[in-house]
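Participant: Mind looking over this structure? Questions follow.
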Amino acid sequence: MTLRVLAVVDGPEARPWDARCLETLRTCPNVHLTVVAIPNGPRRLTVAERLATVLWHRGMLARAPLAGTPSIAEIGDEGLPAADLIVDLRDVPRARRPVTAHHGTVYRSADARGGLPFFGQILSGSPTVEAELRLIDRTGITRTLRWGRFLFNYSYDKTLRMAADTYCVWLRTFIEGLGHEDASRYRGATQSESPNERVGLGEVLRFSWLCALHLLQFAGRLFFVDTSWDIGISRAEPADVVESGRLGDVRWLHPQERRPFYADPFYLRSGDREYVLCEGMPRGSRTGVIEELELTPDARVASTRVVLSNGSHLSYPFIFEHDGATYAVPESNAAGRVDAYAIAADGTWRYHKTLLEDLDACDSTIFRHDGKWWLFCTQRSTGSNLHLYAYVSNDPLGLWRPHRANPIKTDVRSARPAGGIFEHNGALYRPAQDCGDSYGGALVVHRIVSLDESTYEEVPVRTLRPLAPYMRGLHTLTLGPGIVIIDGRRDHISLSLALWQCWRLLWRLLGRVRRSETASHGPQRCRRSPSAAGDAGH
C-alpha cells in the first residue's frame, strides 16, 4: 500500500539540512512524495543575524532554489493534496496548518534560534547538543518519536551533518514502522523551541568563539595528545558495581610501564587458569592486536602472547560460549564485517564464520535473552559513539536480522557498548561508554527494562568514573565470578605524534594533488596528436 507523504519546506529554497530529508522520503519504498513550499514573508534581520548569516549560513545551512516545488500561494489552501502523513521541514514553532493527515505531522526540533540549529545549547557551553523528532497527532497532542544527544564536534557544519543524517534515519525508521508502532511508548516533548527569538551581537560573537574553541581543542588533541591504556583487576562482585558503584581495590597490571597500551579486557577461564583477552598495541605501532594475558592468583601477569594479528586494527575481543565451544568476536570495522573465531583446546584462535556481512560494527556484544540471541553494536559509518544498533537471531552462528527500530538508541553519552551484558537479581545490565567529554571518558551501567524485536528501553543506574592514576578514561567493564576487570586511560603530550599526524596530513594532500592531476591530464592526452604524444614520451 502506498503512503502519501506531503513535505512542507521553508520557502522556495532548500538547505542541505532539508534536502537530505527530502531525499530520504523519495527513496523510502511505497511512498508517494509531494513537496510544497510555504513562504514565510520578509523579516528584517538584525545586525547580529546578518553577521550570523555571513559566518554560519554556509554548508548545511546554505540555501539553494528547490526546482519544481510549488508554493502554497500558487495552489491555494484547497489545492493541497491529500496526505497520509505530513513532514514539516520548516523551523518551528510556526503557525501550523490543521492536522488533517491520518498519521499526523512529523517535524524536527533542534532549538534553532535565529535559524541556527542548536544555537542555544552551544551557547550554554555544553559539549553535547540534543535533538528530537516529534509527532503531532490528529488530536493535537505532541509526542517525541525519537530523541538523541550528539557531540558538538570540531566543526559546526559537521555537527549539523551528523544531526541531519540522524533525522533521516529516524524518519525512515518511523515510516517503515507505521502500522506496528506502539504510540504508548512515545514520550511528551521535552525541549523548548524559540527559533523566532532575535539573536544579539554578543551571542553571535560568543557562539563563534565557542565554535572556534572546539576546533582548536580538537586540533590540539589530534596533534599533541597521545593516550595510554592499562587494565585493572579487582576481586569484587557484580553486586558491588550495580548497587553501590564500588570497584573495590583495583590492581593495575602494568603500572611500571611508561606508556602501556592494553585495553578492552575480557575474562576467560580455562580449568583453574584465568586469562584476560584484550587489545594490545606493540611499541612503535598504531595497529591493534589481540593479546592473551595469563593471571596469577594475586592478579598479576604471569605471561603474555599475541593470539590474533592480521594486519588490520583489532580490538574489543568479545567472548561468548555456545554449544560447549568458546568463541571470540574481535572488532575489525575496517574489514566491514563481523567475524567469529573459535578458540581451540591448545589456545589458538581459528576463523570460524562471518556473522554479519557489509557491517562496519564497533564493539559487537552478544548475549542471550528470552530464548533468543542478541548482538549490540555501533557503526563506524554512522558515528562510532552515537547510534546503538541491535540484531537478533535464534542461533548466534546462524542468520541475524536487524531490530525493527534500529538504531534503538542515539546518545553519544551512552550508546557505544562497554563490555558484556550481565545479569543481577533477575535483571539485565548493559555497560555503555560515555563519550560526551572525550572518547571513553566514563562508563554508565544501564538496566534493560524492555527488549523484544520491535522495542528497546533502558535506564541508567550507575556512572563509573576513572580511577587514579588513569584519570582520563574508563570504557570497558567485564565481570566474572569474584572478579571485576576494567581499563583506564591517561594522556600525555607527544611530539612524535605531532610529526606522525603531520606526515599523514601531507601524504593525504599529496594523494589529492596526484588524483586531481590525473583527472585533469587524462582527457588532454586523448586530444593530443600522435606527434605530440610522441614528443611527450621522450
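Going by the C-alpha cells order, chains are called A, B, ..., each with residues numbered from 1, while ligands are numbered from 1 in the order shown.
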List as a ChimeraX atom specification the protein and nucleic acid residues near region 456-467 of chain A, meaning an atom at most 10 Å away when only C-alpha atoms are counted, but skip any in the same chain fewer than 5 places from it.
Facilitator: /A:185,232,241-247,250,390,403,405-409,414,428-434,440-451,472-475,477,486-490
Participant: Run DSSP on the backbone of this structure and report the residues of region 169-304 of chain A it assigns to helix (DSSP H, G or I), as a ChimeraX atom specification.
Facilitator: /A:169-177,183-185,201-224,238-244
Participant: So that I can check the secondary structure, give me every residue of region 144-312 of chain A assigned strand (DSSP E or B) by backbone DSSP, as a PyMOL selection string.
Facilitator: chain A and resi 144-151+187-188+225-234+251-252+261-270+273-280+289-295+301-308
Participant: Can you tell me, as a PyMOL selection string, what residues are no more than 8 Å from Val225 (chain A) when counting only C-alpha atoms, ignoring any on the same chain fewer than 5 positions away?
Facilitator: chain A and resi 220+491-494+497
Participant: Next, write the just-selected residues to a file, as a tab-separated table (two decimals), in the first residue's frame, keeping N, CA and C atoms as the atom set.
Facilitator:
```tsv
chain	number	residue	atom	x	y	z
A	220	GLY	N	44.38	20.40	18.84
A	220	GLY	CA	45.40	20.16	19.86
A	220	GLY	C	45.45	18.70	20.30
A	491	ASP	N	46.52	10.62	29.53
A	491	ASP	CA	47.00	11.35	28.36
A	491	ASP	C	48.38	11.92	28.63
A	492	HIS	N	49.13	12.13	27.57
A	492	HIS	CA	50.43	12.77	27.69
A	492	HIS	C	50.76	13.48	26.38
A	493	ILE	N	51.57	14.52	26.48
A	493	ILE	CA	51.99	15.28	25.31
A	493	ILE	C	53.03	14.48	24.53
A	494	SER	N	52.85	14.43	23.22
A	494	SER	CA	53.75	13.63	22.38
A	494	SER	C	54.12	14.42	21.14
A	497	LEU	N	53.87	12.12	18.03
A	497	LEU	CA	52.52	12.05	17.47
A	497	LEU	C	52.27	13.21	16.53
```
Participant: Identify which of the residues A:Phe266, A:Asp360, A:Arg258, A:Val31 lies closest to Thr2 (chain A), counting only C-alpha atoms when measuring atom-to-atom distances.
Facilitator: A:Val31
Participant: What's around Asp358 (chain A) at 9 Å? Count only C-alpha atoms, leave out sequence neighbours fewer than 5 positions away in its own chain, and write the answer as a PyMOL selection string.
Facilitator: chain A and resi 335-338
Participant: From the options A:Ile319, A:Leu355, A:Val204, A:Val35, which residue's atoms come nearest to Leu55 (chain A), counting only C-alpha atoms?
Facilitator: A:Val204
Participant: May I ask which of the residues A:Ile175, A:Ala112, A:Val169, A:Ile141 is the closest one to Val5 (chain A), counting only C-alpha atoms?
Facilitator: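 Closest residue, counting only C-alpha atoms: A:Ile175.
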Participant: Counting only C-alpha atoms, which residues of region 70-175 of chain A fall within 7 Å of region 11-30 of chain A, and what is the closest atom pair for each with its distance in Å at one decimal, ordered by chain and rising number, as a Markdown table?
Facilitator:
```
| residue | atom | partner | partner_atom | distance |
| --- | --- | --- | --- | --- |
| A:Leu89 | CA | A:Asp18 | CA | 6.4 |
| A:Ala164 | CA | A:Trp17 | CA | 5.8 |
| A:Cys168 | CA | A:Cys21 | CA | 5.4 |
| A:Arg172 | CA | A:Cys28 | CA | 6.8 |
```
Participant: I'd like to know which of A:Arg63, A:Leu201, A:Leu356, A:Pro481 is closest to Gly398 (chain A), using only C-alpha atoms.
Facilitator: A:Leu356
Participant: List the spatial neighbours of Gly480 (chain A) as a list of chain:residue names - criterion: any atom at most 12 Å away, only C-alpha atoms, same-chain residues fewer than 6 positions off excluded.
Facilitator: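 Non-adjacent residues within range: A:Ile233, A:Ser234, A:Arg235, A:Ala236, A:Glu237, A:Pro238, A:Ala239, A:Pro265, A:Phe266, A:Tyr267, A:Leu268, A:Arg269, A:Glu274, A:Tyr275, A:Val276, A:Gly419, A:Gly420, A:Ile421, A:Phe422, A:Glu423, A:Ile486.
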Participant: Please produce an output containing N, CA and C atoms for each residue in the selection, written as a PDB file, in the first residue's frame.
Facilitator:
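File produced: out_12.pdb:
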```pdb
ATOM      1  N   ILE A 233      42.359  -4.874  37.775  1.00  0.00           N
ATOM      2  CA  ILE A 233      41.600  -6.035  38.239  1.00  0.00           C
ATOM      3  C   ILE A 233      41.283  -5.874  39.717  1.00  0.00           C
ATOM      4  N   SER A 234      40.045  -6.216  40.074  1.00  0.00           N
ATOM      5  CA  SER A 234      39.609  -6.171  41.460  1.00  0.00           C
ATOM      6  C   SER A 234      38.838  -7.438  41.779  1.00  0.00           C
ATOM      7  N   ARG A 235      39.007  -7.947  42.988  1.00  0.00           N
ATOM      8  CA  ARG A 235      38.251  -9.136  43.421  1.00  0.00           C
ATOM      9  C   ARG A 235      36.944  -8.686  44.059  1.00  0.00           C
ATOM     10  N   ALA A 236      36.131  -8.018  43.248  1.00  0.00           N
ATOM     11  CA  ALA A 236      34.830  -7.543  43.705  1.00  0.00           C
ATOM     12  C   ALA A 236      33.727  -8.388  43.086  1.00  0.00           C
ATOM     13  N   GLU A 237      32.485  -8.052  43.375  1.00  0.00           N
ATOM     14  CA  GLU A 237      31.333  -8.787  42.885  1.00  0.00           C
ATOM     15  C   GLU A 237      30.442  -7.863  42.063  1.00  0.00           C
ATOM     16  N   PRO A 238      29.615  -8.428  41.145  1.00  0.00           N
ATOM     17  CA  PRO A 238      28.685  -7.590  40.379  1.00  0.00           C
ATOM     18  C   PRO A 238      27.781  -6.739  41.260  1.00  0.00           C
ATOM     19  N   ALA A 239      27.382  -7.284  42.422  1.00  0.00           N
ATOM     20  CA  ALA A 239      26.512  -6.516  43.314  1.00  0.00           C
ATOM     21  C   ALA A 239      27.186  -5.225  43.762  1.00  0.00           C
ATOM     22  N   PRO A 265      39.427  -5.260  27.995  1.00  0.00           N
ATOM     23  CA  PRO A 265      39.687  -6.580  28.580  1.00  0.00           C
ATOM     24  C   PRO A 265      38.429  -7.442  28.671  1.00  0.00           C
ATOM     25  N   PHE A 266      38.598  -8.743  28.427  1.00  0.00           N
ATOM     26  CA  PHE A 266      37.529  -9.720  28.611  1.00  0.00           C
ATOM     27  C   PHE A 266      38.095 -10.944  29.335  1.00  0.00           C
ATOM     28  N   TYR A 267      37.267 -11.472  30.216  1.00  0.00           N
ATOM     29  CA  TYR A 267      37.699 -12.541  31.129  1.00  0.00           C
ATOM     30  C   TYR A 267      37.471 -13.905  30.496  1.00  0.00           C
ATOM     31  N   LEU A 268      38.449 -14.766  30.656  1.00  0.00           N
ATOM     32  CA  LEU A 268      38.357 -16.137  30.152  1.00  0.00           C
ATOM     33  C   LEU A 268      38.966 -17.076  31.177  1.00  0.00           C
ATOM     34  N   ARG A 269      38.244 -18.136  31.499  1.00  0.00           N
ATOM     35  CA  ARG A 269      38.739 -19.138  32.454  1.00  0.00           C
ATOM     36  C   ARG A 269      38.825 -20.485  31.762  1.00  0.00           C
ATOM     37  N   GLU A 274      43.242 -18.454  34.808  1.00  0.00           N
ATOM     38  CA  GLU A 274      42.479 -17.265  34.449  1.00  0.00           C
ATOM     39  C   GLU A 274      43.269 -16.455  33.423  1.00  0.00           C
ATOM     40  N   TYR A 275      42.534 -15.943  32.432  1.00  0.00           N
ATOM     41  CA  TYR A 275      43.155 -15.168  31.369  1.00  0.00           C
ATOM     42  C   TYR A 275      42.364 -13.885  31.150  1.00  0.00           C
ATOM     43  N   VAL A 276      43.049 -12.917  30.581  1.00  0.00           N
ATOM     44  CA  VAL A 276      42.413 -11.701  30.082  1.00  0.00           C
ATOM     45  C   VAL A 276      42.770 -11.573  28.611  1.00  0.00           C
ATOM     46  N   GLY A 419      31.411  -3.446  27.270  1.00  0.00           N
ATOM     47  CA  GLY A 419      31.620  -4.723  27.947  1.00  0.00           C
ATOM     48  C   GLY A 419      30.387  -5.599  27.841  1.00  0.00           C
ATOM     49  N   GLY A 420      30.507  -6.809  28.363  1.00  0.00           N
ATOM     50  CA  GLY A 420      29.433  -7.775  28.266  1.00  0.00           C
ATOM     51  C   GLY A 420      28.203  -7.393  29.083  1.00  0.00           C
ATOM     52  N   ILE A 421      27.034  -7.779  28.585  1.00  0.00           N
ATOM     53  CA  ILE A 421      25.776  -7.576  29.305  1.00  0.00           C
ATOM     54  C   ILE A 421      25.637  -8.693  30.332  1.00  0.00           C
ATOM     55  N   PHE A 422      25.330  -8.319  31.567  1.00  0.00           N
ATOM     56  CA  PHE A 422      25.324  -9.298  32.657  1.00  0.00           C
ATOM     57  C   PHE A 422      24.001  -9.245  33.407  1.00  0.00           C
ATOM     58  N   GLU A 423      23.745 -10.286  34.193  1.00  0.00           N
ATOM     59  CA  GLU A 423      22.501 -10.390  34.956  1.00  0.00           C
ATOM     60  C   GLU A 423      22.778 -10.235  36.437  1.00  0.00           C
ATOM     61  N   ILE A 486      38.541  -3.789  34.547  1.00  0.00           N
ATOM     62  CA  ILE A 486      38.282  -2.522  33.866  1.00  0.00           C
ATOM     63  C   ILE A 486      39.545  -2.116  33.102  1.00  0.00           C
TER      64      ILE A 486
END
```
Participant: For Arg368 (chain A), which residue among A:Ser393, A:Ser381, A:Asn425, A:Gln217 is the nearest when counting only C-alpha atoms?
Facilitator: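 Nearest candidate to Arg368 (chain A) out of A:Ser393, A:Ser381, A:Asn425, A:Gln217: A:Ser393.
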